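Student: Data file input28.tsv (TSV, C-alpha atoms and all ligand atoms) is appended below.
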```
chain	number	residue	atom	x	y	z
A	1	MET	CA	0.00	0.00	0.00
A	2	ARG	CA	1.42	3.38	-0.98
A	3	GLN	CA	1.44	5.77	1.95
A	4	ASN	CA	3.26	8.72	3.43
A	5	PHE	CA	6.01	7.13	5.48
A	6	VAL	CA	8.90	8.23	7.71
A	7	ALA	CA	11.37	5.74	9.17
A	8	GLY	CA	14.17	6.54	11.62
A	9	ASN	CA	17.37	4.52	11.26
A	10	TRP	CA	19.11	4.94	14.60
A	11	LYS	CA	22.14	2.93	13.38
A	12	MET	CA	24.63	1.92	16.12
A	13	ASN	CA	23.66	4.75	18.45
A	14	LEU	CA	22.04	5.15	21.88
A	15	THR	CA	22.27	3.17	25.10
A	16	LEU	CA	19.14	1.71	26.64
A	17	PRO	CA	18.36	4.77	28.84
A	18	GLU	CA	19.02	7.11	25.90
A	19	ALA	CA	16.79	5.09	23.60
A	20	GLN	CA	14.01	5.00	26.19
A	21	ALA	CA	14.25	8.77	26.72
A	22	LEU	CA	14.14	9.44	22.97
A	23	THR	CA	11.14	7.14	22.50
A	24	ILE	CA	9.22	8.79	25.36
A	25	GLU	CA	9.92	12.25	23.88
A	26	LEU	CA	8.84	11.08	20.45
A	27	MET	CA	5.60	9.62	21.75
A	28	GLU	CA	4.83	12.85	23.63
A	29	LEU	CA	5.50	15.04	20.60
A	30	LEU	CA	3.57	12.76	18.25
A	31	LYS	CA	0.66	12.64	20.68
A	32	ALA	CA	0.54	16.43	20.73
A	33	ASP	CA	0.24	16.35	16.97
A	34	LEU	CA	-2.33	13.66	16.55
A	35	THR	CA	-3.67	14.49	13.13
A	36	ALA	CA	-5.66	11.94	11.20
A	37	ALA	CA	-3.27	12.36	8.30
A	38	ARG	CA	-0.17	11.27	10.17
A	39	PRO	CA	2.16	9.21	7.99
A	40	GLN	CA	3.27	5.73	8.94
A	41	VAL	CA	6.16	6.23	11.37
A	42	VAL	CA	8.77	3.52	12.02
A	43	VAL	CA	11.78	3.57	14.37
A	44	CYS	CA	14.67	1.17	13.87
A	45	PRO	CA	16.89	0.81	16.98
A	46	SER	CA	19.79	-1.63	17.47
A	47	PHE	CA	18.96	-5.21	18.51
A	48	PRO	CA	19.37	-4.88	22.33
A	49	LEU	CA	17.01	-1.89	22.40
A	50	LEU	CA	14.19	-3.36	20.33
A	51	MET	CA	12.05	-4.83	23.08
A	52	ALA	CA	12.26	-1.84	25.40
A	53	VAL	CA	11.51	0.62	22.60
A	54	GLY	CA	8.71	-1.61	21.33
A	55	GLN	CA	7.09	-1.64	24.76
A	56	LEU	CA	7.11	2.16	24.87
A	57	LEU	CA	5.69	2.43	21.34
A	58	GLY	CA	2.76	0.23	22.29
A	59	ASP	CA	0.79	-1.88	19.88
A	60	SER	CA	-1.08	0.71	17.79
A	61	GLY	CA	1.15	-0.10	14.80
A	62	ASN	CA	1.99	3.60	14.37
A	63	PRO	CA	4.74	4.26	15.33
A	64	ALA	CA	5.88	0.78	14.39
A	65	LEU	CA	9.10	-0.99	15.30
A	66	GLY	CA	11.75	-1.95	12.75
A	67	ALA	CA	15.16	-3.63	12.83
A	68	GLN	CA	18.31	-2.74	10.92
A	69	ASN	CA	19.51	-6.22	9.98
A	70	PHE	CA	19.15	-9.99	10.52
A	71	HIS	CA	20.73	-13.24	9.35
A	72	GLN	CA	19.51	-14.86	6.16
A	73	LYS	CA	19.06	-18.34	7.62
A	74	GLU	CA	15.93	-19.17	9.58
A	75	SER	CA	17.69	-20.52	12.68
A	76	GLY	CA	20.63	-22.64	13.75
A	77	ALA	CA	24.32	-22.54	14.63
A	78	TYR	CA	25.14	-18.94	13.71
A	79	THR	CA	26.71	-17.61	16.90
A	80	GLY	CA	26.13	-13.93	17.41
A	81	GLU	CA	23.44	-13.62	14.75
A	82	VAL	CA	19.75	-12.72	14.95
A	83	SER	CA	16.96	-14.30	12.91
A	84	ALA	CA	14.02	-12.67	11.17
A	85	LYS	CA	11.63	-14.78	13.23
A	86	GLN	CA	13.25	-13.58	16.45
A	87	LEU	CA	12.74	-9.98	15.32
A	88	GLN	CA	9.15	-10.66	14.45
A	89	SER	CA	8.63	-12.32	17.86
A	90	VAL	CA	9.76	-9.18	19.74
A	91	GLY	CA	7.38	-6.95	17.82
A	92	CYS	CA	9.29	-5.85	14.73
A	93	GLU	CA	7.11	-5.18	11.73
A	94	TYR	CA	9.76	-3.75	9.40
A	95	VAL	CA	13.41	-4.40	8.62
A	96	ILE	CA	15.93	-2.33	6.66
A	97	LEU	CA	17.67	-4.30	3.90
A	98	GLY	CA	20.37	-3.41	1.40
A	99	HIS	CA	21.52	-0.30	3.25
A	100	SER	CA	24.72	0.99	1.65
A	101	GLU	CA	26.58	0.69	4.96
A	102	ARG	CA	25.83	-3.04	4.97
A	103	ARG	CA	26.57	-3.40	1.27
A	104	GLN	CA	29.92	-1.61	1.61
A	105	GLN	CA	31.17	-2.47	5.09
A	106	PHE	CA	29.68	-5.95	5.46
A	107	HIS	CA	29.92	-7.04	1.82
A	108	GLU	CA	26.23	-7.76	1.41
A	109	ASP	CA	25.79	-8.47	-2.29
A	110	ASP	CA	22.73	-8.97	-4.45
A	111	THR	CA	22.70	-12.75	-3.95
A	112	LEU	CA	22.76	-12.43	-0.17
A	113	LEU	CA	20.15	-9.67	-0.24
A	114	ALA	CA	17.86	-11.80	-2.38
A	115	GLU	CA	18.13	-14.59	0.20
A	116	LYS	CA	17.52	-12.17	3.08
A	117	LEU	CA	14.52	-10.71	1.32
A	118	LYS	CA	12.86	-14.13	1.04
A	119	THR	CA	13.65	-14.90	4.69
A	120	ALA	CA	12.16	-11.58	5.84
A	121	LEU	CA	8.96	-12.09	3.87
A	122	THR	CA	8.61	-15.68	5.11
A	123	ALA	CA	8.93	-14.44	8.70
A	124	GLY	CA	6.28	-11.78	8.08
A	125	LEU	CA	8.63	-8.78	8.20
A	126	LYS	CA	8.15	-5.88	5.78
A	127	PRO	CA	11.45	-4.96	4.14
A	128	ILE	CA	12.57	-1.37	3.58
A	129	PHE	CA	14.88	-2.09	0.65
A	130	CYS	CA	17.61	0.50	-0.03
A	131	VAL	CA	19.26	1.37	-3.32
A	132	GLY	CA	21.56	4.25	-4.21
A	133	GLU	CA	24.60	5.24	-6.21
A	134	THR	CA	28.07	6.45	-5.21
A	135	LEU	CA	29.30	9.91	-6.15
A	136	GLU	CA	31.57	8.31	-8.75
A	137	THR	CA	28.61	6.59	-10.39
A	138	ARG	CA	26.63	9.83	-10.43
A	139	GLU	CA	29.49	11.82	-11.87
A	140	ALA	CA	29.99	9.18	-14.57
A	141	ASP	CA	26.32	9.69	-15.46
A	142	GLU	CA	25.54	6.05	-14.69
A	143	THR	CA	23.02	6.52	-11.88
A	144	PHE	CA	20.02	5.11	-13.72
A	145	ASP	CA	21.84	2.04	-15.03
A	146	TYR	CA	23.21	1.38	-11.56
A	147	ILE	CA	19.91	1.72	-9.73
A	148	GLY	CA	18.14	-0.27	-12.43
A	149	GLN	CA	20.63	-3.08	-11.89
A	150	GLN	CA	20.23	-2.96	-8.08
A	151	LEU	CA	16.47	-3.21	-8.46
A	152	ALA	CA	16.59	-6.02	-11.00
A	153	ALA	CA	19.10	-8.11	-9.05
A	154	GLY	CA	17.85	-7.33	-5.58
A	155	LEU	CA	14.11	-7.09	-5.91
A	156	PHE	CA	12.53	-8.13	-9.15
A	157	HIS	CA	12.96	-11.85	-8.50
A	158	LEU	CA	9.99	-11.48	-6.14
A	159	SER	CA	6.50	-12.42	-7.27
A	160	LYS	CA	4.00	-9.57	-7.53
A	161	GLU	CA	2.35	-10.72	-4.29
A	162	GLU	CA	5.67	-10.79	-2.43
A	163	PHE	CA	6.63	-7.39	-3.82
A	164	GLY	CA	3.37	-5.92	-2.50
A	165	GLY	CA	4.58	-5.75	1.10
A	166	LEU	CA	7.69	-3.81	0.35
A	167	VAL	CA	8.97	-0.24	0.79
A	168	ILE	CA	11.85	1.05	-1.37
A	169	ALA	CA	14.32	3.70	-0.15
A	170	TYR	CA	16.47	5.69	-2.57
A	171	GLU	CA	19.59	6.68	-0.67
A	172	PRO	CA	22.37	8.26	-2.74
A	173	ILE	CA	25.53	7.21	-0.90
A	174	TRP	CA	27.11	10.65	-1.35
A	175	ALA	CA	24.23	12.15	0.65
A	176	ILE	CA	24.26	9.76	3.62
A	177	GLY	CA	25.57	11.40	6.77
A	178	THR	CA	27.34	14.06	4.71
A	179	GLY	CA	24.96	16.99	5.08
A	180	ARG	CA	24.84	17.05	1.29
A	181	THR	CA	21.24	16.32	0.31
A	182	ALA	CA	20.05	15.44	-3.16
A	183	SER	CA	18.08	18.34	-4.60
A	184	SER	CA	14.35	17.71	-4.80
A	185	GLU	CA	14.73	17.51	-8.61
A	186	GLN	CA	17.48	14.89	-8.33
A	187	ALA	CA	15.41	12.87	-5.87
A	188	GLN	CA	12.22	13.13	-7.96
A	189	GLU	CA	14.05	12.07	-11.13
A	190	VAL	CA	15.37	8.87	-9.53
A	191	HIS	CA	12.10	8.14	-7.71
A	192	ALA	CA	10.17	8.44	-10.99
A	193	PHE	CA	12.72	6.12	-12.60
A	194	ILE	CA	12.31	3.56	-9.79
A	195	ARG	CA	8.53	3.68	-10.17
A	196	ALA	CA	8.84	3.17	-13.93
A	197	GLN	CA	11.12	0.17	-13.35
A	198	VAL	CA	8.55	-1.33	-10.98
A	199	ALA	CA	5.86	-0.79	-13.62
A	200	ALA	CA	8.00	-2.53	-16.23
A	201	ALA	CA	8.82	-5.47	-13.92
A	202	TYR	CA	5.25	-5.92	-12.62
A	203	ASP	CA	2.55	-3.51	-13.79
A	204	ALA	CA	1.36	0.10	-13.54
A	205	ALA	CA	-0.96	-0.59	-10.60
A	206	THR	CA	1.85	-2.16	-8.56
A	207	ALA	CA	4.09	0.82	-9.34
A	208	ALA	CA	1.39	3.31	-8.37
A	209	ASP	CA	0.97	1.42	-5.10
A	210	THR	CA	4.67	1.33	-4.11
A	211	THR	CA	5.99	3.52	-1.30
A	212	ILE	CA	9.36	5.07	-2.25
A	213	LEU	CA	11.36	6.93	0.42
A	214	TYR	CA	14.25	9.33	0.07
A	215	GLY	CA	17.22	9.02	2.44
A	216	GLY	CA	20.47	10.96	2.77
A	217	SER	CA	20.84	14.02	5.01
A	218	CYS	CA	17.09	14.54	5.05
A	219	ASN	CA	16.28	16.92	7.90
A	220	ALA	CA	13.63	19.22	9.36
A	221	GLN	CA	14.68	21.99	6.96
A	222	ASN	CA	14.61	20.12	3.65
A	223	ALA	CA	11.97	17.41	4.24
A	224	ARG	CA	8.97	19.47	3.11
A	225	GLU	CA	10.55	20.33	-0.23
A	226	LEU	CA	11.63	16.70	-0.81
A	227	PHE	CA	8.29	15.20	0.25
A	228	SER	CA	6.38	17.59	-2.02
A	229	GLN	CA	7.76	15.81	-5.07
A	230	PRO	CA	5.15	13.60	-6.75
A	231	ASP	CA	7.13	10.35	-6.44
A	232	VAL	CA	8.69	10.96	-3.01
A	233	ASP	CA	6.48	9.30	-0.40
A	234	GLY	CA	8.59	10.11	2.66
A	235	GLY	CA	12.02	9.53	4.12
A	236	LEU	CA	14.47	7.14	5.72
A	237	ILE	CA	16.17	9.33	8.28
A	238	GLY	CA	19.53	8.70	9.95
A	239	GLY	CA	21.13	11.53	11.95
A	240	ALA	CA	18.00	13.65	12.30
A	241	SER	CA	16.04	10.69	13.73
A	242	LEU	CA	18.16	10.85	16.90
A	243	LYS	CA	16.65	14.20	17.88
A	244	SER	CA	12.98	13.94	18.79
A	245	ARG	CA	12.01	17.46	17.71
A	246	ASP	CA	13.77	17.21	14.36
A	247	PHE	CA	12.30	13.81	13.66
A	248	VAL	CA	8.77	14.91	14.50
A	249	GLU	CA	9.21	18.03	12.33
A	250	ILE	CA	10.07	15.66	9.48
A	251	VAL	CA	7.02	13.52	10.25
A	252	LYS	CA	4.92	16.69	9.96
A	253	SER	CA	6.46	17.69	6.60
A	254	PHE	CA	3.76	16.38	4.26
B	1	LIG	P1	21.42	10.29	7.22
B	1	LIG	O1	21.30	8.71	7.02
B	1	LIG	O2	20.01	10.81	7.33
B	1	LIG	O3	22.21	10.47	8.49
B	1	LIG	O4	22.12	10.83	6.02
B	1	LIG	C1	20.31	8.12	6.23
B	1	LIG	C2	20.46	6.62	6.22
B	1	LIG	O5	21.59	6.13	6.23
B	1	LIG	O6	19.45	5.89	6.21
```
Written as structure tokens, that's how I'd like the structure from this file.
Ligand code: PGA

Tutor:
Amino acid sequence: MRQNFVAGNWKMNLTLPEAQALTIELMELLKADLTAARPQVVVCPSFPLLMAVGQLLGDSGNPALGAQNFHQKESGAYTGEVSAKQLQSVGCEYVILGHSERRQQFHEDDTLLAEKLKTALTAGLKPIFCVGETLETREADETFDYIGQQLAAGLFHLSKEEFGGLVIAYEPIWAIGTGRTASSEQAQEVHAFIRAQVAAAYDAATAADTTILYGGSCNAQNARELFSQPDVDGGLIGGASLKSRDFVEIVKSF
């Protein structure tokens, strides 16, 4: 279902008391702004914080709880790893997949991501699947080819039914954590391209129904301009999701 959507990726930040304090602030601020039109909000803390944050979020489904990663196998002898089913059992509804930090620093390639995607869907988790080009790729004018390839290899092996539960995030790597945001025109151009690729792989109705987020130095100042673009349905927020007021300002930017 296509919807306005804001997800906070807390990355490897916050201790338990800090995460609890941030969640309580968020809930207070969101409660004060309880408009019927509120977008779907998701927060994605690190593993040890999930249960405590989930308890504070409650079970309304909005805000919802998401994880940042999991292991591709269902269960077994994988010391130190966390399964999709375990995440689902502690209240996670969403999981981030294909984030550039995992692709680059943890060597997650298309084959692994395809396996993870199937595992997530089988466990009943909704993936937030990230794609995005490096600065080099953009400067070589190869952004569309690159993103098209990431979508084809990473996502389009799914059946139309499987694809239906999915959120896509366009995150240009040069914009992540750099303070350098894509312009709203740059974001719109890639988002429209992604939607067209989905239409070609499945059909126009599936494309029209797909939620596509922008991520990369999105903040309280630039969110409104980005979210006003016709194919930008919201944001995947890193740094600015760690400050309750900034994050809620972003949530209110539709
Ligand atoms: P940023 O991170 O908002 O800090 O740039 C976005 C992300 O990595 O999802």

Student: Check the smallest atom-to-atom distance from each of A:Asn13, A:Gln20, A:Ser159, A:Thr178 to ligand LIG 1 (chain B) using only C-alpha atoms and all ligand atoms, then report the winner.

Tutor: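 When distances to ligand LIG 1 (chain B) are compared using only C-alpha atoms and all ligand atoms, the smallest one comes from A:Thr178.
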
Student: Around all of ligand LIG 1 (chain B)'s listed atoms, make the axis-aligned box with 5 Å on each side and tell me centre and edge lengths in Å to one decimal, as AutoDock Vina command-line options.

Tutor:
```
--center_x 20.8 --center_y 8.4 --center_z 7.3 --size_x 12.8 --size_y 14.9 --size_z 12.5
```

Student: Check the smallest atom-to-atom distance from each of A:Glu171, A:Glu18, A:Glu74, A:Asp141 to ligand LIG 1 (chain B) using only C-alpha atoms and all ligand atoms, then report the winner.

Tutor: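 Between A:Glu171, A:Glu18, A:Glu74, A:Asp141, the residue approaching ligand LIG 1 (chain B) most closely is A:Glu171.
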
Student: For ligand LIG 1 (chain B), which residue out of A:Ala152, A:Leu236, A:Met1, A:Ala84 is the nearest one, using only C-alpha atoms and all ligand atoms?

Tutor: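 Among the listed residues, the smallest separation from ligand LIG 1 (chain B) belongs to A:Leu236.
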
Student: Name the residues in contact with stretch 201-215 of chain A at a cut-off of 8 Å, using all atoms listed in the file, excluding same-chain residues fewer than 3 positions from it; report them as a ChimeraX atom specification.

Tutor: /A:1-6,156,160,164,166-172,175-176,187,191,195-198,218,226,231-238

Student: Could you jot down the atom CA of A:Ala140 to atom CA of A:Arg180 separation for me, Å, one decimal place?

Tutor: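 Taking atom CA of A:Ala140 and atom CA of A:Arg180, their separation equals 18.4 Å.
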
Student: Please report the interatomic distance between atom CA of A:Ser184 and atom CA of A:Ser228 in Å with one decimal.

Tutor: 8.4 Å

Student: Any idea what the distance is between atom CA of A:Arg102 and atom CA of A:Gly132?

Tutor: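 So the answer is 12.5 Å.
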
Student: Pick out the closest residue to ligand LIG 1 (chain B) from this set: A:Leu57, A:Ala199, A:Cys44, A:Leu112. Count only C-alpha atoms and all ligand atoms.

Tutor: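 Checking each of A:Leu57, A:Ala199, A:Cys44, A:Leu112 against ligand LIG 1 (chain B), counting only C-alpha atoms and all ligand atoms, the winner is A:Cys44.
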
Student: Would you mind telling me which residue in A:Val90, A:Glu139, A:Lys116, A:Thr134 lies nearest to A:Gln104 when using all atoms listed in the file?

Tutor: A:Thr134

Student: Pick out the residues sitting within 10 Å of A:Thr15, and hand them over as number ranges by chain; count all atoms listed in the file, and ignore anything fewer than 4 positions along from it in its own chain.

Tutor: A: 19-21, 46, 48-49

Student: Kindly provide, as a list in words, the polymer residues lying within 6 Å of (10.7, 6.5, 10.5), counting all atoms listed in the file and using the coordinates exactly as they appear in the file.

Tutor: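 Taken together, the residues in range are Val6, Ala7, Gly8, Val41, Val42 and Val43 of chain A.
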
Student: Nearest to ligand LIG 1 (chain B): which of A:Arg38, A:Lys73, A:Lys126, A:Arg103 is it, counting all atoms listed in the file?

Tutor: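 The closest residue to ligand LIG 1 (chain B) is A:Arg103.
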
Student: What lies within 9 Å of A:Phe193 using all atoms listed in the file, ignoring chain neighbours under 6 positions off, as JSON, numbers by chain?

Tutor: {"A": [144, 147, 148]}

Student: For A:Pro63, work out the shell of residues within 12 Å, counting all atoms listed in the file and skipping chain neighbours fewer than 2 positions away, then give it as a ChimeraX atom specification.

Tutor: /A:5-8,23-24,26-28,30-31,34,38-44,53-61,65-66,91-94,248,251

Student: With all atoms listed in the file as the counted atoms, please give the residues lying no more than 7 Å from A:Tyr146, apart from itself and same-chain residues fewer than 4 positions off, as a ChimeraX atom specification.

Tutor: /A:133,142,150
